[in-house]
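Novice: Data: work_30.cif, mmCIF, C-alpha atoms and all ligand atoms.
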data_run
#
loop_
_atom_site.label_atom_id
_atom_site.label_comp_id
_atom_site.auth_asym_id
_atom_site.auth_seq_id
_atom_site.Cartn_x
_atom_site.Cartn_y
_atom_site.Cartn_z
CA MET A 1 175.71 64.69 101.95
CA PRO A 2 172.47 63.44 103.52
CA ILE A 3 169.45 63.77 101.24
CA PRO A 4 166.53 65.98 102.41
CA MET A 5 163.57 63.69 102.94
CA GLN A 6 160.11 64.03 101.46
CA PRO A 7 157.38 61.44 101.20
CA VAL A 8 157.84 59.03 98.34
CA ILE A 9 154.68 58.44 96.32
CA THR A 10 154.49 54.65 96.12
CA MET A 11 150.94 54.36 97.44
CA GLN A 12 148.06 53.20 95.34
CA MET A 13 145.02 55.48 95.59
CA ARG A 14 143.08 54.13 98.51
CA ARG A 15 140.07 54.73 100.70
CA PHE A 16 140.80 55.63 104.30
CA SER A 17 139.66 53.20 106.96
CA TYR A 18 137.13 54.45 109.51
CA TRP A 19 140.03 54.90 111.97
CA GLU A 20 142.23 56.76 109.48
CA SER A 21 139.33 59.08 108.59
CA GLU A 22 138.90 59.96 112.26
CA LEU A 23 142.62 60.62 112.76
CA PRO A 24 144.16 61.50 109.40
CA PRO A 25 147.96 61.63 109.09
CA GLU A 26 149.72 64.73 110.29
CA PRO A 27 151.96 66.69 107.87
CA LEU A 28 155.44 65.23 107.51
CA PRO A 29 158.40 67.43 108.37
CA ALA A 30 161.27 67.36 105.84
CA ARG A 31 164.11 65.39 107.41
CA GLU A 32 167.49 63.94 106.63
CA LEU A 33 168.14 60.24 106.84
CA PRO A 34 171.27 59.06 108.66
CA ARG A 35 174.00 57.05 106.89
CA ARG A 36 174.26 54.48 109.69
CA VAL A 37 172.07 53.15 112.50
CA ASP A 38 172.43 50.36 115.03
CA ILE A 39 168.95 49.00 114.40
CA LEU A 40 166.79 49.49 111.34
CA ILE A 41 163.11 48.53 111.45
CA VAL A 42 161.35 48.40 108.10
CA GLY A 43 157.57 48.76 108.46
CA ALA A 44 155.79 50.92 111.05
CA GLY A 45 152.77 48.72 111.69
CA PHE A 46 152.10 47.15 115.08
CA MET A 47 155.11 44.84 114.78
CA GLY A 48 157.58 47.58 113.89
CA ARG A 49 156.25 49.95 116.56
CA TRP A 50 156.11 47.39 119.37
CA LEU A 51 159.64 46.36 118.47
CA ALA A 52 160.81 49.99 118.46
CA TYR A 53 159.19 50.42 121.88
CA PHE A 54 160.87 47.40 123.50
CA LEU A 55 164.25 47.96 121.82
CA SER A 56 164.27 51.59 122.90
CA LYS A 57 163.80 50.46 126.53
CA ARG A 58 166.92 48.29 126.50
CA THR A 59 169.73 49.45 128.73
CA GLN A 60 172.37 49.58 125.95
CA PRO A 61 171.93 52.84 124.04
CA ALA A 62 171.23 52.17 120.35
CA ARG A 63 170.39 54.33 117.40
CA ILE A 64 167.06 52.97 116.18
CA LEU A 65 165.35 54.03 112.98
CA VAL A 66 161.88 52.93 111.89
CA ILE A 67 160.98 53.55 108.27
CA ASP A 68 157.72 53.09 106.41
CA ARG A 69 156.88 53.89 102.83
CA ASP A 70 153.38 54.95 103.83
CA ARG A 71 152.12 57.70 106.12
CA PHE A 72 150.14 55.25 108.26
CA SER A 73 150.27 51.60 107.40
CA TYR A 74 149.91 50.52 103.82
CA GLY A 75 149.24 47.09 105.23
CA ALA A 76 146.93 46.09 108.01
CA SER A 77 147.60 47.96 111.24
CA SER A 78 145.51 51.05 110.58
CA ARG A 79 142.91 49.18 108.53
CA ASN A 80 141.86 46.29 110.75
CA ALA A 81 138.85 45.65 112.96
CA GLY A 82 140.61 46.38 116.26
CA PHE A 83 139.77 43.10 118.02
CA ILE A 84 142.28 42.38 120.74
CA THR A 85 141.47 38.73 121.07
CA CYS A 86 142.89 35.43 122.25
CA GLY A 87 140.61 33.61 119.82
CA GLN A 88 137.24 31.98 119.54
CA VAL A 89 136.36 28.33 119.71
CA SER A 90 134.86 27.67 116.24
CA GLU A 91 137.93 29.12 114.52
CA MET A 92 140.31 27.26 116.82
CA LEU A 93 138.48 23.98 116.20
CA ALA A 94 138.92 24.52 112.46
CA ASP A 95 142.64 25.20 113.10
CA VAL A 96 143.00 21.91 115.01
CA GLU A 97 142.31 20.12 111.70
CA HIS A 98 145.51 21.30 110.02
CA ALA A 99 147.75 22.53 112.87
CA GLY A 100 146.89 20.13 115.71
CA GLN A 101 145.45 20.82 119.15
CA ASP A 102 148.79 21.51 120.88
CA ARG A 103 149.66 24.27 118.40
CA VAL A 104 146.20 25.79 118.73
CA ILE A 105 146.42 25.91 122.52
CA GLU A 106 149.97 27.26 122.36
CA THR A 107 148.84 30.10 120.07
CA PHE A 108 145.85 30.83 122.31
CA MET A 109 148.24 31.17 125.27
CA GLN A 110 150.64 33.36 123.25
CA ARG A 111 147.76 35.66 122.34
CA ARG A 112 146.78 35.87 126.01
CA GLU A 113 150.36 36.75 126.88
CA GLY A 114 150.52 39.40 124.17
CA ILE A 115 147.33 41.02 125.41
CA ALA A 116 148.65 41.00 128.98
CA ILE A 117 151.86 42.72 127.79
CA ALA A 118 149.86 45.39 125.93
CA ARG A 119 147.76 46.06 129.04
CA GLU A 120 150.84 46.23 131.26
CA VAL A 121 152.80 48.57 128.98
CA LEU A 122 149.80 50.80 128.16
CA PRO A 123 147.63 50.77 131.32
CA ASP A 124 145.88 54.01 130.34
CA PHE A 125 145.12 53.01 126.77
CA HIS A 126 141.40 52.37 126.31
CA ILE A 127 140.50 48.75 125.62
CA ASP A 128 136.73 48.24 125.53
CA PRO A 129 136.24 45.16 127.74
CA CYS A 130 133.24 43.97 125.72
CA GLY A 131 134.16 40.28 125.38
CA SER A 132 133.32 38.31 122.24
CA THR A 133 130.53 35.99 121.13
CA ASP A 134 130.99 33.03 118.80
CA TYR A 135 127.57 32.78 117.11
CA ASP A 136 128.24 29.47 115.30
CA PRO A 137 126.31 26.44 116.62
CA VAL A 138 127.61 25.04 119.92
CA THR A 139 128.65 21.41 119.38
CA ASP A 140 130.17 18.70 121.60
CA ASP A 141 133.63 18.98 120.05
CA LYS A 142 133.58 22.76 120.64
CA LEU A 143 132.59 22.21 124.27
CA ALA A 144 135.49 19.77 124.65
CA LEU A 145 137.97 22.26 123.16
CA MET A 146 136.50 25.05 125.28
CA ALA A 147 137.16 22.99 128.42
CA LYS A 148 140.79 22.40 127.33
CA LEU A 149 141.33 26.11 126.67
CA ASN A 150 139.89 27.10 130.04
CA GLU A 151 142.11 24.51 131.70
CA ALA A 152 145.21 25.84 129.89
CA ALA A 153 144.33 29.40 130.91
CA GLY A 154 143.56 28.37 134.49
CA ASP A 155 140.45 30.51 134.24
CA GLU A 156 136.92 30.31 132.89
CA ILE A 157 137.52 32.46 129.82
CA PHE A 158 134.87 30.66 127.75
CA SER A 159 131.33 29.84 128.80
CA VAL A 160 128.04 29.08 127.07
CA ARG A 161 125.31 31.67 127.33
CA ALA A 162 122.28 32.91 125.42
CA ALA A 163 123.15 35.75 123.05
CA ARG A 164 121.07 37.91 120.75
CA ILE A 165 121.89 38.48 117.08
CA GLY A 166 119.32 40.40 115.01
CA GLN A 167 115.92 38.78 115.56
CA ALA A 168 117.31 35.59 117.12
CA VAL A 169 118.47 34.52 120.57
CA ARG A 170 120.63 31.40 120.67
CA PRO A 171 123.17 29.57 122.83
CA CYS A 172 126.69 30.76 122.02
CA ILE A 173 130.23 30.49 123.36
CA PHE A 174 131.21 33.73 125.06
CA ASN A 175 134.82 34.84 125.65
CA ASN A 176 135.09 37.23 128.60
CA ALA A 177 138.74 38.20 127.99
CA ASP A 178 138.42 39.84 124.57
CA GLY A 179 138.24 43.56 123.94
CA ALA A 180 138.27 46.23 121.25
CA VAL A 181 140.73 49.01 120.45
CA HIS A 182 140.97 51.97 118.09
CA PRO A 183 143.89 50.76 115.93
CA VAL A 184 145.16 54.18 114.81
CA LYS A 185 145.11 55.49 118.39
CA LEU A 186 147.14 52.43 119.37
CA LEU A 187 149.66 53.09 116.58
CA ARG A 188 150.04 56.70 117.70
CA VAL A 189 150.42 55.84 121.36
CA LEU A 190 153.09 53.26 120.52
CA GLN A 191 155.05 55.74 118.44
CA GLY A 192 154.93 58.23 121.31
CA ARG A 193 156.09 55.59 123.79
CA ALA A 194 158.99 54.51 121.55
CA SER A 195 160.52 57.93 122.04
CA GLY A 196 164.08 56.59 121.80
CA ALA A 197 163.51 55.60 118.18
CA GLY A 198 163.38 57.83 115.10
CA PHE A 199 160.43 57.39 112.72
CA GLU A 200 160.63 58.28 109.04
CA PHE A 201 157.67 57.92 106.71
CA GLY A 202 157.63 57.99 102.93
CA VAL A 203 160.80 55.88 102.78
CA ASN A 204 160.67 52.73 100.67
CA ALA A 205 163.19 49.95 101.29
CA VAL A 206 164.20 48.29 98.03
CA LYS A 207 166.96 46.04 99.41
CA VAL A 208 167.90 45.19 103.01
CA LYS A 209 170.73 42.69 103.18
CA ASP A 210 174.03 42.00 104.95
CA GLY A 211 174.12 45.27 106.84
CA VAL A 212 173.21 47.61 103.99
CA ALA A 213 169.78 49.04 103.18
CA GLU A 214 168.97 50.64 99.88
CA LEU A 215 166.18 53.13 100.34
CA GLU A 216 164.24 55.33 97.96
CA THR A 217 162.52 58.59 98.69
CA ILE A 218 161.20 61.31 96.48
CA GLY A 219 164.61 62.94 97.00
CA GLY A 220 166.36 59.93 95.45
CA HIS A 221 168.34 56.86 96.41
CA HIS A 222 169.88 56.58 99.88
CA GLU A 223 172.21 53.92 101.23
CA LEU A 224 172.20 53.20 104.94
CA ALA A 225 174.43 50.85 106.95
CA TYR A 226 172.86 48.97 109.85
CA GLY A 227 174.00 46.71 112.69
CA ARG A 228 170.79 44.73 112.72
CA ALA A 229 167.60 45.03 110.67
CA PHE A 230 164.09 43.75 111.21
CA ILE A 231 161.80 43.58 108.20
CA CYS A 232 158.25 43.95 109.51
CA THR A 233 156.47 44.33 106.20
CA ASN A 234 153.74 41.72 106.67
CA GLY A 235 151.91 40.91 103.40
CA PHE A 236 154.68 42.68 101.44
CA ALA A 237 157.47 40.46 102.84
CA SER A 238 158.26 38.82 99.50
CA GLU A 239 159.24 42.19 97.99
CA LEU A 240 162.41 42.13 100.15
CA ASP A 241 162.79 38.35 100.44
CA SER A 242 161.91 36.51 97.24
CA GLU A 243 161.82 33.20 99.17
CA SER A 244 159.46 34.44 101.84
CA ARG A 245 156.71 31.99 102.85
CA VAL A 246 154.39 34.88 103.68
CA GLN A 247 151.45 35.17 101.31
CA PRO A 248 149.28 38.26 101.11
CA GLY A 249 145.52 38.17 101.55
CA ARG A 250 142.98 40.95 101.45
CA GLY A 251 140.47 41.72 104.17
CA GLN A 252 137.45 43.91 103.38
CA VAL A 253 135.38 45.86 105.85
CA ILE A 254 132.24 48.02 105.81
CA VAL A 255 130.82 50.37 108.44
CA THR A 256 127.11 51.19 108.40
CA SER A 257 125.27 54.39 109.23
CA LYS A 258 124.02 54.71 112.83
CA ILE A 259 121.65 51.84 113.64
CA HIS A 260 119.08 50.65 116.14
CA THR A 261 119.51 46.99 116.98
CA ARG A 262 119.05 44.68 119.95
CA THR A 263 122.10 42.58 119.04
CA ASP A 264 124.51 42.14 121.99
CA ARG A 265 127.28 44.76 122.05
CA THR A 266 130.16 42.31 122.19
CA LEU A 267 132.60 41.49 119.41
CA GLY A 268 130.88 38.93 117.19
CA TYR A 269 132.12 36.01 115.11
CA LEU A 270 130.31 34.00 112.45
CA ASN A 271 131.40 31.36 109.96
CA ALA A 272 134.37 30.04 112.02
CA GLY A 273 135.70 33.57 112.47
CA TYR A 274 135.89 34.39 108.76
CA ASP A 275 133.14 36.95 109.36
CA TYR A 276 133.41 39.30 112.31
CA PHE A 277 131.71 42.42 113.62
CA ARG A 278 131.73 45.04 116.35
CA PHE A 279 129.90 48.23 117.17
CA VAL A 280 131.61 51.61 116.76
CA ASP A 281 129.82 54.84 117.65
CA GLU A 282 126.36 53.20 117.22
CA ARG A 283 127.43 51.82 113.85
CA LEU A 284 128.13 48.25 112.83
CA LEU A 285 131.63 47.47 111.55
CA ILE A 286 131.68 44.16 109.75
CA GLY A 287 134.41 42.35 107.84
CA GLY A 288 134.91 39.00 106.21
CA GLY A 289 134.12 36.97 103.14
CA ARG A 290 137.79 36.05 102.65
CA ASP A 291 136.95 32.33 102.44
CA LYS A 292 134.16 32.92 99.90
CA PHE A 293 136.00 34.87 97.20
CA LYS A 294 139.18 33.77 95.39
CA THR A 295 139.85 37.43 94.59
CA GLU A 296 140.85 37.92 98.26
CA GLN A 297 143.75 35.44 98.16
CA ASN A 298 147.27 36.35 97.07
CA THR A 299 146.57 39.97 96.29
CA ARG A 300 148.14 43.21 97.47
CA GLU A 301 145.54 45.39 95.74
CA LEU A 302 143.79 47.67 98.20
CA GLU A 303 140.62 47.99 96.16
CA SER A 304 137.32 47.06 97.81
CA THR A 305 135.09 45.00 95.54
CA GLY A 306 131.36 45.17 94.92
CA GLU A 307 130.76 41.45 95.38
CA VAL A 308 132.41 41.28 98.82
CA CYS A 309 130.56 44.46 99.82
CA GLU A 310 127.24 42.84 98.80
CA TYR A 311 128.12 39.75 100.82
CA LEU A 312 129.00 41.85 103.89
CA LYS A 313 125.72 43.77 103.53
CA GLN A 314 123.81 40.47 103.67
CA VAL A 315 125.63 39.37 106.81
CA ALA A 316 125.13 42.83 108.32
CA ALA A 317 121.38 42.59 107.74
CA GLU A 318 121.34 39.31 109.68
CA VAL A 319 123.40 40.80 112.50
CA ILE A 320 121.36 43.99 112.76
CA GLY A 321 117.96 42.37 112.19
CA HIS A 322 116.74 44.83 109.55
CA THR A 323 117.93 46.76 106.47
CA ASP A 324 117.16 50.30 107.54
CA TRP A 325 120.75 51.59 107.17
CA GLN A 326 123.39 52.42 104.54
CA VAL A 327 127.07 51.63 104.07
CA GLU A 328 129.02 54.74 105.12
CA HIS A 329 132.58 53.42 105.01
CA GLN A 330 134.21 50.69 102.99
CA TRP A 331 137.88 49.74 102.77
CA ALA A 332 140.36 46.90 102.37
CA GLY A 333 143.62 45.98 104.09
CA ILE A 334 146.41 43.55 103.30
CA MET A 335 147.25 40.76 105.72
CA GLY A 336 150.14 38.31 105.61
CA PHE A 337 149.82 34.56 106.23
CA VAL A 338 152.79 32.24 106.68
CA ALA A 339 152.36 29.53 104.02
CA GLY A 340 148.98 31.08 103.28
CA GLU A 341 147.53 29.50 106.44
CA HIS A 342 145.97 30.87 109.61
CA LEU A 343 148.57 28.95 111.68
CA GLY A 344 151.14 28.35 108.97
CA GLY A 345 154.37 28.57 111.02
CA SER A 346 156.63 31.05 112.77
CA PRO A 347 156.57 34.65 111.54
CA ARG A 348 160.30 34.90 112.32
CA LYS A 349 162.82 34.16 109.58
CA ARG A 350 166.57 34.84 109.70
CA LEU A 351 167.74 36.19 106.32
CA ASP A 352 171.43 36.70 107.13
CA ASP A 353 173.59 37.40 110.20
CA LYS A 354 172.24 40.92 110.49
CA THR A 355 168.77 40.72 109.01
CA GLU A 356 165.56 39.08 110.17
CA ALA A 357 162.00 39.17 108.83
CA ILE A 358 159.07 39.12 111.26
CA ALA A 359 155.95 38.93 109.19
CA GLY A 360 152.73 37.02 108.71
CA PHE A 361 150.52 37.39 111.77
CA GLY A 362 147.36 36.79 109.76
CA GLY A 363 144.34 38.12 111.64
CA MET A 364 146.06 37.91 115.05
CA GLY A 365 148.57 40.74 114.97
CA VAL A 366 146.97 43.01 117.56
CA ALA A 367 147.47 40.38 120.27
CA LEU A 368 150.65 38.65 119.05
CA THR A 369 152.95 41.51 118.05
CA PRO A 370 153.60 42.79 121.63
CA LEU A 371 154.72 39.29 122.64
CA TYR A 372 157.09 38.81 119.69
CA ALA A 373 158.54 42.30 120.15
CA LYS A 374 159.18 41.77 123.86
CA GLN A 375 160.81 38.39 123.25
CA ILE A 376 163.08 39.70 120.48
CA ALA A 377 164.20 42.68 122.55
CA ALA A 378 165.10 40.32 125.43
CA GLU A 379 167.45 38.29 123.21
CA ASP A 380 171.14 38.78 123.78
CA TRP A 381 172.30 39.54 120.28
CA VAL A 382 173.71 43.06 120.13
C1 LIG B 1 140.54 44.00 107.36
C2 LIG B 1 141.45 43.48 108.43
C3 LIG B 1 140.93 43.21 109.69
C4 LIG B 1 141.77 42.73 110.69
N1 LIG B 1 141.28 42.60 111.96
C5 LIG B 1 142.11 42.24 112.96
C6 LIG B 1 141.65 42.21 114.29
O1 LIG B 1 140.51 42.57 114.57
N2 LIG B 1 142.50 41.79 115.27
C7 LIG B 1 143.80 41.40 114.97
O2 LIG B 1 144.53 41.00 115.87
N3 LIG B 1 144.27 41.48 113.72
C8 LIG B 1 143.47 41.90 112.72
N4 LIG B 1 143.95 42.01 111.46
C9 LIG B 1 145.36 41.68 111.24
C10 LIG B 1 146.28 42.75 111.83
O3 LIG B 1 145.87 44.00 111.38
C11 LIG B 1 147.71 42.41 111.42
O4 LIG B 1 148.06 41.14 111.90
C12 LIG B 1 148.72 43.43 111.95
O5 LIG B 1 148.30 44.74 111.68
C13 LIG B 1 150.07 43.16 111.33
O6 LIG B 1 150.95 44.18 111.74
P1 LIG B 1 152.34 44.29 111.03
O7 LIG B 1 153.08 45.39 111.68
O8 LIG B 1 153.00 42.94 111.00
O9 LIG B 1 152.03 44.62 109.51
P2 LIG B 1 151.37 45.92 108.74
O10 LIG B 1 150.48 46.68 109.63
O11 LIG B 1 150.86 45.39 107.49
O12 LIG B 1 152.64 46.81 108.52
C14 LIG B 1 153.58 46.58 107.50
C15 LIG B 1 154.15 47.93 107.11
O13 LIG B 1 155.25 47.74 106.25
C16 LIG B 1 155.26 48.83 105.35
N5 LIG B 1 156.06 48.41 104.21
C17 LIG B 1 155.84 47.37 103.39
N6 LIG B 1 156.84 47.23 102.53
C18 LIG B 1 157.71 48.25 102.78
C19 LIG B 1 158.97 48.65 102.22
N7 LIG B 1 159.52 47.98 101.18
N8 LIG B 1 159.62 49.71 102.73
C20 LIG B 1 159.07 50.42 103.80
N9 LIG B 1 157.90 50.06 104.35
C21 LIG B 1 157.24 49.00 103.87
C22 LIG B 1 153.80 49.06 105.02
O14 LIG B 1 153.57 50.36 104.51
C23 LIG B 1 153.16 48.82 106.37
O15 LIG B 1 152.98 50.02 107.08
C24 LIG B 1 143.15 42.48 110.42
C25 LIG B 1 143.66 42.77 109.16
C26 LIG B 1 142.83 43.27 108.17
C27 LIG B 1 143.40 43.61 106.83
#
Could you spell out this file's structure in structure tokens?
Specialist:
Amino acid sequence: MPIPMQPVITMQMRRFSYWESELPPEPLPARELPRRVDILIVGAGFMGRWLAYFLSKRTQPARILVIDRDRFSYGASSRNAGFITCGQVSEMLADVEHAGQDRVIETFMQRREGIAIAREVLPDFHIDPCGSTDYDPVTDDKLALMAKLNEAAGDEIFSVRAARIGQAVRPCIFNNADGAVHPVKLLRVLQGRASGAGFEFGVNAVKVKDGVAELETIGGHHELAYGRAFICTNGFASELDSESRVQPGRGQVIVTSKIHTRTDRTLGYLNAGYDYFRFVDERLLIGGGRDKFKTEQNTRELESTGEVCEYLKQVAAEVIGHTDWQVEHQWAGIMGFVAGEHLGGSPRKRLDDKTEAIAGFGGMGVALTPLYAKQIAAEDWV
């Protein structure tokens, strides 16, 4: 007998992100889980939803089920900054140090491709075409990398121009291809577009291996057979694969009260991309500090911390140019990094003949997940 489904309470208490507060989860209907599906997707973040979308458009009919233990995304997809970006030069120059220039340019091109796919699939979805500004000092090695990136893109994506931040105007590298999205709206639109797939929330996968998934819900244990499974659980990957190379890392964000500022209304990057900001409804959203605080590495705790908040307030004061504002929202999200690095390796890992993990997009998931999903769905493996 199938078990009637209700949400399982595995969540830690958490603060909603700005996006989740605007669009809180809708009530869950009680459902029954099937005993067998063709394709099981574990994790309903961007990766799981893009994959559900592309797999549901394949010509072969398949029974697709997406499960998530949370109502939104316990991980990153509903708690991020919403930059849809192919990258910025200071961060990419830092990446050249450990990953090499070829890898950096390849990833830049993959991000461009992912953004193009998102635009093509969702032409009516609002992407604010604000561009992004890299406020770190412009140096000769950055100009050289910028020229190489423009050459690879066959377009003048990056250029140097004067930009305002707080009280200062300085030369900066501007990226004209970047934009901003509302992450929860994007998640919802994707779920609607993946209409051939079933979505079940409040379902925790405890084991997914060799064609059998063991699931837990508040109604009890449920065993489900699958033809193929994709584990898209990001910073939680090691819970289902003890040898996973994906390491969790916490990102913290604050949003201020409404502000007056003359700072340019583009996306902004400071400190080689570790600190980032954008404007939302006349407020400043700012995140970062991950490089400054050891507490942010290797943790899956969703708690915001006072010391990171204080740091973000200092950076916000520089960005805004005054301190006549308050923090109105504060939250954290969990990212996944392959080998703990920004460009640590492929997020794809085959676990057995029927099971694959796709996890660890770091801070690049908005742009990269559509590309990976499209590529996987085009593979001839069913
Ligand atoms: C603060 C912050 C800011 C960021 N800003 C940006 C940005 O501006 N631009 C950008 O491109 N990227 C950004 N990122 C990164 C981006 O959000 C991620 O790369 C992307 O969301 C990853 O999507 P995902 O689907 O792989 O993982 P997630 O969104 O983390 O989804 C994983 C899902 O798996 C579920 N899950 C986990 N374990 C289980 C289980 N056992 N059973 C069932 N379900 C399970 C979780 O509940 C979760 O919903 C940011 C991240 C953070 C935290």
Novice: Around the point (145.3, 36.8, 100.7), in the coordinates given by the file, pick out the residues reaching within 10 Å, counting only C-alpha atoms, and return them as a ChimeraX atom specification.
Specialist: /A:235,246-251,290-291,294-301,333-337,340-341,362
Novice: Pick the closest to His98 in chain A from A:Ile259, A:Val253, A:Ala147, A:Leu343: which is it, counting all atoms listed in the file?
Specialist: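 When distances to His98 in chain A are compared using all atoms listed in the file, the smallest one comes from A:Leu343.
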Novice: Of the residues A:Pro129, A:Pro27, A:Gly287, A:Pro171, which is the one nearest to ligand LIG 1 (chain B), using all atoms listed in the file?
Specialist: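 Using all atoms listed in the file, ligand LIG 1 (chain B) sits closest to A:Gly287.
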Novice: Enter the distance from CA of Arg188 in chain A to atom C10 of ligand LIG 1 (chain B), in Å, rounded to one decimal.
Specialist: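 For CA of Arg188 in chain A relative to atom C10 of ligand LIG 1 (chain B), the distance reads 15.6 Å.
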Novice: What residues have any atom no more than 7 Å from ligand LIG 1 (chain B) when counting all atoms listed in the file, and can you list them as a PyMOL selection string?
Specialist: chain A and resi 42-48+67-70+72-85+203-206+232-237+239-240+250-253+287+332-335+359-367
Novice: For a quick check of understanding, using all atoms listed in the file, which of A:Arg283, A:Arg193, A:Arg111, A:His329 has the smallest distance to Leu368 in chain A?
Specialist: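 Of the candidates, the smallest distance to Leu368 in chain A is held by A:Arg111.
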Novice: Determine the nearest neighbour of Leu267 in chain A from the options A:Ser56, A:Ser132, A:Thr107, A:Gln314, counting all atoms listed in the file.
Specialist: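 Smallest separation from Leu267 in chain A among the options: A:Ser132.
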Novice: Work out how far apart CA of Phe293 in chain A and CA of Val308 in chain A are and give it in Å to one decimal.
Specialist: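 Computing the Euclidean distance for CA of Phe293 in chain A and CA of Val308 in chain A yields 7.5 Å.
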Novice: Between A:Met92, A:Ile127, A:Ala153, A:Cys86, single out the one closest to Leu186 in chain A, counting all atoms listed in the file.
Specialist: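 So, comparing all the options, the nearest one is A:Ile127.
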Novice: Find the residues around Val89 in chain A up to 7 Å (all atoms listed in the file counted), leave out those fewer than 2 positions away in its own chain, and share them as a ChimeraX atom specification.
Specialist: /A:87,91-93,142,146
Novice: Find the residue from A:Ala144, A:Ala377, A:Ala168, A:Met109 that sits nearest to Gly321 in chain A; use only C-alpha atoms when measuring.
Specialist: A:Ala168
Novice: Taking every listed atom of range 317-330 of chain A and adding 8 Å to each side, what centre and edge lengths in Å (one decimal) does the axis-aligned box have, as lines of an AutoDock Vina configuration file?
Specialist:
center_x = 125.5
center_y = 47.0
center_z = 107.9
size_x = 33.5
size_y = 31.4
size_z = 25.8
Novice: In Å to one decimal, how far is CA of Pro34 in chain A from CA of Glu214 in chain A?
Specialist: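 That distance, rounded to one decimal, is 12.4 Å.
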Novice: Excluding same-chain residues fewer than 3 positions from Glu310 in chain A, what lies within 12 Å of it counting all atoms listed in the file, as a list in words?
Specialist: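 Listing them by chain and then by number gives Gln252, Val253, Ile254, Ile286, Gly287, Gly288, Gly289, Phe293, Ser304, Thr305, Gly306, Glu307, Lys313, Gln314, Val315, Ala316, Ala317, Gln326, Val327 and Gln330 of chain A.
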Novice: Fewer than 3 positions away in the same chain doesn't count, so skip those; otherwise give me all residues within 12 Å of Lys258 in chain A, counting only C-alpha atoms, as a list in words.
Specialist: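 My list of contacting residues is Val255, Thr261, Phe279, Val280, Asp281, Glu282, Arg283, Leu284, Leu285, Ile320, Thr323, Asp324, Trp325, Gln326, Val327, Glu328 and His329 of chain A.
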Novice: Counting only C-alpha atoms, note down every residue that has an atom within 10 Å of the point (169.6, 45.5, 111.9) (file coordinates), as a list in words.
Specialist: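 I get Val37, Asp38, Ile39, Leu40, Ile41, Val42, Ile64, Leu65, Val208, Lys209, Asp210, Gly211, Val212, Ala213, Ala225, Tyr226, Gly227, Arg228, Ala229, Phe230, Ile231, Asp353, Lys354, Thr355, Glu356 and Val382 of chain A for the residues within 10 Å of that point.
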Novice: Write out as a PyMOL selection string each polymer residue whose atoms come within 6 Å of Tyr135 in chain A, counting only C-alpha atoms; drop sequence neighbours fewer than 3 positions from it.
Specialist: chain A and resi 172+269-270
